[in-house]
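**Q** Sharing a structure here in structure tokens format.
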Amino acid sequence: MADHVLVTGGAGYIGAHACKALKRAGFVPVAFDNLSTGWEGAVKFGPLARGDLMDRASIDAALAEWKPVAVMHFAALSLVGESMSDPGRYWRVNVGGALNLIEACVAAGVGQFVFSSTCATYGDQDGVVLNEDTPQRPINAYGASKLAIEQMLGNFGASHGLQSVIFRYFNVAGADPEGEVGERHEPETHLIPLMLDAIEGKRAALTLHGTDYATRDGTCLRDYVHVTDLADAHVRGLRWLQGGKGGRVFCLGTGTGYSVREVIDHARVVTNRAVPVVEGPRRAGDAAALVCGSARARDELGWTPERGLEAMIRDAWRWSQGGGF
């Protein structure tokens, strides 16, 4: 009988892709989700356990019913701008929800935990390739809440033996190449789907949030990683824990940064369409440049991202043309 893995946020963008990767690897992914931002139509690879991380009883019930060998934790509030204007909500939901989940895992004897963290824990450190040894100095409540959860996992590892793999990753993009799941948020805040919406006329134009950054063309520079590659890394992280190798932190990215204007240029090539653009002010909490060093993931997990930026745009474009869920 296949082992179950509880995937919090399994009805969301990255969680659903992780569920597909888990199923392909021989696990039964159980999507634990309150569907506040996720989509029931994205739960295609295993059962859905309706629940909320702020409701400890619902977590306990899911762990008792499905008896997972591990948890993958994706569920979180993740809007940088909102975290700047309403930090209390991010501390309450992200940190409080994670604490409920971690304590429930300890109580249920679930000893393996894969955590979706973020490069936002590093803050604004321009001109530096960010890796696992880079000091963490978050500049917004979103990044600070994720860092707090990383520290919490360290505490529970020391006191209760909870083993965790922590992934700090960069801008996730693209869609499942087979078209079963893709990216959909309401409201949408991610560059590539916003850009494709503008191309299709679903919005008037793509807004450039700041054009005066100290980058090669004045727009923010980011490292983009394909969601399917990212999901593969999470399965590798679970295998790492199952192999008894202990807790570890890994950064996930391609090592190549693209500016917003460069992403737009690639989209024109992929779609053969113009991208309507307007210039706007900077957003609070945005770093100028975030680029990842993934040598540890390559050397220790055997993980190498296989899909570049144009593949990310092409898969996302195909998904958007197909109508979504």
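Every chain in the structure tokens has a letter given in the order shown (A, B, ...), and although residue numbers restart at 1 in each chain, ligands are simply numbered from 1 in the order shown.
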Quick one: DSSP strand (DSSP E or B) residues in segment 61-92 of chain A, as a ChimeraX atom specification?

**A** /A:70-73

**Q** Would you write out those residues with C-alpha atoms, as a PDB file, in the first residue's frame?

**A**
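The resulting selection-v8.pdb:
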```
ATOM      1  CA  ALA A  70       5.293  13.036   6.047  1.00  0.00           C
ATOM      2  CA  VAL A  71       3.883  16.526   5.604  1.00  0.00           C
ATOM      3  CA  MET A  72       4.640  19.012   2.842  1.00  0.00           C
ATOM      4  CA  HIS A  73       3.688  22.493   3.990  1.00  0.00           C
TER       5      HIS A  73
END
```

**Q** Residues at most 10 Å from Trp91 of chain A, counting only C-alpha atoms, excluding those fewer than 3 positions away in the same chain, as a list in words?

**A**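 Answer for this query is Leu77, Ser83, Asp86, Pro87, Gly88, Asn94, Val95, Gly96, Gly97, Ala141, Tyr142, Ala144, Ser145, Lys146 and Ala148 of chain A.
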
**Q** Please save N, CA and C atoms of the selected residues as a PDB file, in the first residue's frame.

**A**
```
ATOM      1  N   LEU A  77      -0.262  32.715   3.490  1.00  0.00           N
ATOM      2  CA  LEU A  77      -0.493  34.001   2.841  1.00  0.00           C
ATOM      3  C   LEU A  77       0.825  34.441   2.227  1.00  0.00           C
ATOM      4  N   SER A  83       1.386  42.066   3.110  1.00  0.00           N
ATOM      5  CA  SER A  83       2.116  41.806   4.352  1.00  0.00           C
ATOM      6  C   SER A  83       2.716  43.087   4.919  1.00  0.00           C
ATOM      7  N   ASP A  86      -0.648  44.895   6.347  1.00  0.00           N
ATOM      8  CA  ASP A  86      -1.360  44.165   7.398  1.00  0.00           C
ATOM      9  C   ASP A  86      -0.462  43.057   7.953  1.00  0.00           C
ATOM     10  N   PRO A  87       0.650  43.430   8.614  1.00  0.00           N
ATOM     11  CA  PRO A  87       1.596  42.413   9.075  1.00  0.00           C
ATOM     12  C   PRO A  87       1.010  41.458  10.108  1.00  0.00           C
ATOM     13  N   GLY A  88       0.065  41.947  10.914  1.00  0.00           N
ATOM     14  CA  GLY A  88      -0.517  41.088  11.940  1.00  0.00           C
ATOM     15  C   GLY A  88      -1.159  39.855  11.361  1.00  0.00           C
ATOM     16  N   ASN A  94       0.289  32.752   9.069  1.00  0.00           N
ATOM     17  CA  ASN A  94       1.429  31.943   8.641  1.00  0.00           C
ATOM     18  C   ASN A  94       2.137  31.280   9.819  1.00  0.00           C
ATOM     19  N   VAL A  95       2.466  32.074  10.832  1.00  0.00           N
ATOM     20  CA  VAL A  95       3.221  31.519  11.957  1.00  0.00           C
ATOM     21  C   VAL A  95       2.303  30.712  12.874  1.00  0.00           C
ATOM     22  N   GLY A  96       1.129  31.252  13.189  1.00  0.00           N
ATOM     23  CA  GLY A  96       0.200  30.522  14.041  1.00  0.00           C
ATOM     24  C   GLY A  96      -0.261  29.223  13.409  1.00  0.00           C
ATOM     25  N   GLY A  97      -0.564  29.261  12.111  1.00  0.00           N
ATOM     26  CA  GLY A  97      -0.989  28.048  11.417  1.00  0.00           C
ATOM     27  C   GLY A  97       0.113  27.004  11.374  1.00  0.00           C
ATOM     28  N   ALA A 141       6.817  41.487   6.133  1.00  0.00           N
ATOM     29  CA  ALA A 141       6.245  40.534   7.093  1.00  0.00           C
ATOM     30  C   ALA A 141       6.092  39.148   6.499  1.00  0.00           C
ATOM     31  N   TYR A 142       5.904  39.071   5.196  1.00  0.00           N
ATOM     32  CA  TYR A 142       5.838  37.751   4.556  1.00  0.00           C
ATOM     33  C   TYR A 142       7.147  36.997   4.769  1.00  0.00           C
ATOM     34  N   ALA A 144       9.493  37.645   6.908  1.00  0.00           N
ATOM     35  CA  ALA A 144       9.752  37.467   8.340  1.00  0.00           C
ATOM     36  C   ALA A 144       8.955  36.296   8.898  1.00  0.00           C
ATOM     37  N   SER A 145       7.723  36.122   8.429  1.00  0.00           N
ATOM     38  CA  SER A 145       6.903  35.012   8.926  1.00  0.00           C
ATOM     39  C   SER A 145       7.486  33.672   8.483  1.00  0.00           C
ATOM     40  N   LYS A 146       8.013  33.609   7.282  1.00  0.00           N
ATOM     41  CA  LYS A 146       8.616  32.366   6.798  1.00  0.00           C
ATOM     42  C   LYS A 146       9.906  32.054   7.561  1.00  0.00           C
ATOM     43  N   ALA A 148      10.515  32.902  10.610  1.00  0.00           N
ATOM     44  CA  ALA A 148      10.102  32.444  11.938  1.00  0.00           C
ATOM     45  C   ALA A 148       9.747  30.959  11.924  1.00  0.00           C
TER      46      ALA A 148
END
```

**Q** Near Ala158 of chain A, counting only C-alpha atoms, which residues have an atom at most 12 Å away, once you skip same-chain residues fewer than 6 positions from it, shown as a PyMOL selection string?

**A** chain A and resi 151-152+164+246-247

**Q** Please produce an output containing N, CA and C atoms for each residue in the selection, written as an mmCIF file, in the first residue's frame.

**A**
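Result went into out.cif, see below:
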```
data_model
loop_
_atom_site.group_PDB
_atom_site.id
_atom_site.type_symbol
_atom_site.label_atom_id
_atom_site.label_comp_id
_atom_site.auth_asym_id
_atom_site.auth_seq_id
_atom_site.Cartn_x
_atom_site.Cartn_y
_atom_site.Cartn_z
ATOM 1 N N GLN A 151 12.855 28.873 11.872
ATOM 2 C CA GLN A 151 13.441 28.799 13.208
ATOM 3 C C GLN A 151 12.639 27.871 14.108
ATOM 4 N N MET A 152 11.321 27.904 13.952
ATOM 5 C CA MET A 152 10.449 27.015 14.712
ATOM 6 C C MET A 152 10.779 25.553 14.414
ATOM 7 N N SER A 164 13.300 18.077 9.177
ATOM 8 C CA SER A 164 12.709 18.939 8.154
ATOM 9 C C SER A 164 13.708 19.256 7.048
ATOM 10 N N GLY A 246 18.679 13.505 7.643
ATOM 11 C CA GLY A 246 18.505 14.590 8.601
ATOM 12 C C GLY A 246 18.077 15.898 7.981
ATOM 13 N N GLY A 247 17.865 16.896 8.844
ATOM 14 C CA GLY A 247 17.377 18.192 8.402
ATOM 15 C C GLY A 247 18.380 18.923 7.526
#
```

**Q** Please provide the set of residues having any atom within 12 Å of Glu103 of chain A, restricted to only C-alpha atoms, with same-chain residues fewer than 4 positions apart removed, written as a list in words.

**A**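 Residues near the query, excluding close chain neighbours: Leu53, Arg56, Ala57, Ile59, Asp60, Leu63, Gly96, Gly97, Ala98, Leu99, Ala107, Ala108, Gly109, Val110, Gly111, Phe113, Met152, Leu153, Asn155, Phe156, Gly157, Ser159, His160 and Leu162 of chain A.
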
**Q** Between atom CA of Gly308 of chain A and atom CA of Glu262 of chain A, measure the distance and give it in Å to one decimal.

**A**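 Atom CA of Glu262 of chain A lies 13.3 Å from atom CA of Gly308 of chain A.
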
**Q** With only C-alpha atoms as the counted atoms, please give the residues lying no more than 6 Å from segment 213-224 of chain A, apart from itself and same-chain residues fewer than 3 positions off, as a ChimeraX atom specification.

**A** /A:170-172,256-260,288-291

**Q** Would you save the residues of that selection, restricted to N, CA, C and O atoms, as a compact mmCIF listing (two decimals), in the first residue's frame?

**A**
```txt
# COMPACT_ATOMS: atom_id res chain seq x y z
N PHE A 170 12.68 30.82 -5.33
CA PHE A 170 12.61 32.12 -5.97
C PHE A 170 11.32 32.22 -6.76
O PHE A 170 10.33 31.59 -6.39
N ASN A 171 11.25 32.96 -7.81
CA ASN A 171 9.97 33.19 -8.47
C ASN A 171 9.54 31.95 -9.25
O ASN A 171 10.20 31.57 -10.22
N VAL A 172 8.46 31.35 -8.82
CA VAL A 172 7.96 30.12 -9.45
C VAL A 172 7.05 30.50 -10.61
O VAL A 172 6.22 31.41 -10.49
N THR A 256 20.08 32.33 -12.79
CA THR A 256 20.03 33.38 -13.81
C THR A 256 18.91 34.36 -13.48
O THR A 256 17.79 33.94 -13.22
N GLY A 257 19.22 35.63 -13.45
CA GLY A 257 18.22 36.65 -13.18
C GLY A 257 17.73 37.31 -14.45
O GLY A 257 18.51 37.57 -15.37
N TYR A 258 16.42 37.55 -14.51
CA TYR A 258 15.82 38.27 -15.63
C TYR A 258 15.09 39.49 -15.10
O TYR A 258 14.37 39.40 -14.09
N SER A 259 15.23 40.61 -15.77
CA SER A 259 14.47 41.79 -15.41
C SER A 259 13.04 41.65 -15.92
O SER A 259 12.74 40.80 -16.78
N VAL A 260 12.15 42.49 -15.39
CA VAL A 260 10.76 42.46 -15.86
C VAL A 260 10.71 42.75 -17.36
O VAL A 260 9.99 42.07 -18.11
N ALA A 288 15.38 44.82 -5.18
CA ALA A 288 15.76 45.14 -6.55
C ALA A 288 16.17 43.90 -7.33
O ALA A 288 15.80 43.74 -8.50
N ALA A 289 16.95 43.02 -6.71
CA ALA A 289 17.47 41.85 -7.43
C ALA A 289 17.56 40.66 -6.50
O ALA A 289 18.12 40.77 -5.40
N LEU A 290 17.04 39.52 -6.93
CA LEU A 290 17.10 38.28 -6.16
C LEU A 290 17.48 37.15 -7.11
O LEU A 290 16.71 36.79 -8.00
N VAL A 291 18.68 36.62 -6.93
CA VAL A 291 19.18 35.53 -7.78
C VAL A 291 19.73 34.44 -6.87
O VAL A 291 20.38 34.72 -5.86
```

**Q** With the cut-off set at 9 Å and counting only C-alpha atoms, tabulate each residue of segment 188-253 of chain A with an atom at most that distance from an atom of segment 282-285 of chain A, showing the nearest atom pair and its distance in Å to one decimal, ordered by chain and increasing number, as a tab-separated table.

**A**
```
residue	atom	partner	partner_atom	distance
A:Leu208	CA	A:Arg282	CA	8.3
A:His209	CA	A:Arg282	CA	4.7
A:Gly210	CA	A:Arg282	CA	4.0
A:Thr211	CA	A:Arg282	CA	7.7
A:Asp212	CA	A:Arg282	CA	8.5
A:Tyr213	CA	A:Arg282	CA	8.9
```

**Q** Would you please give, as a short mmCIF file (atom, residue, chain, number, x, y, z; two decimals) with C-alpha atoms, in the first residue's frame, all residues of segment 261-300 of chain A that DSSP assigns to alpha helix (DSSP H) based on the backbone?

**A**
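The result, written out as result33.cif:
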```cif
data_model
loop_
_atom_site.label_atom_id
_atom_site.label_comp_id
_atom_site.auth_asym_id
_atom_site.auth_seq_id
_atom_site.Cartn_x
_atom_site.Cartn_y
_atom_site.Cartn_z
CA ARG A 261 11.47 44.02 -19.25
CA GLU A 262 13.47 40.94 -20.29
CA VAL A 263 10.59 38.65 -19.30
CA ILE A 264 8.32 40.79 -21.47
CA ASP A 265 10.74 40.44 -24.39
CA HIS A 266 10.72 36.64 -24.03
CA ALA A 267 6.91 36.64 -23.92
CA ARG A 268 6.79 38.49 -27.23
CA VAL A 269 8.94 35.75 -28.76
CA VAL A 270 6.89 32.88 -27.32
CA THR A 271 3.42 34.27 -28.03
CA ALA A 295 24.83 24.32 -5.90
CA ARG A 296 23.82 22.45 -2.74
#
```
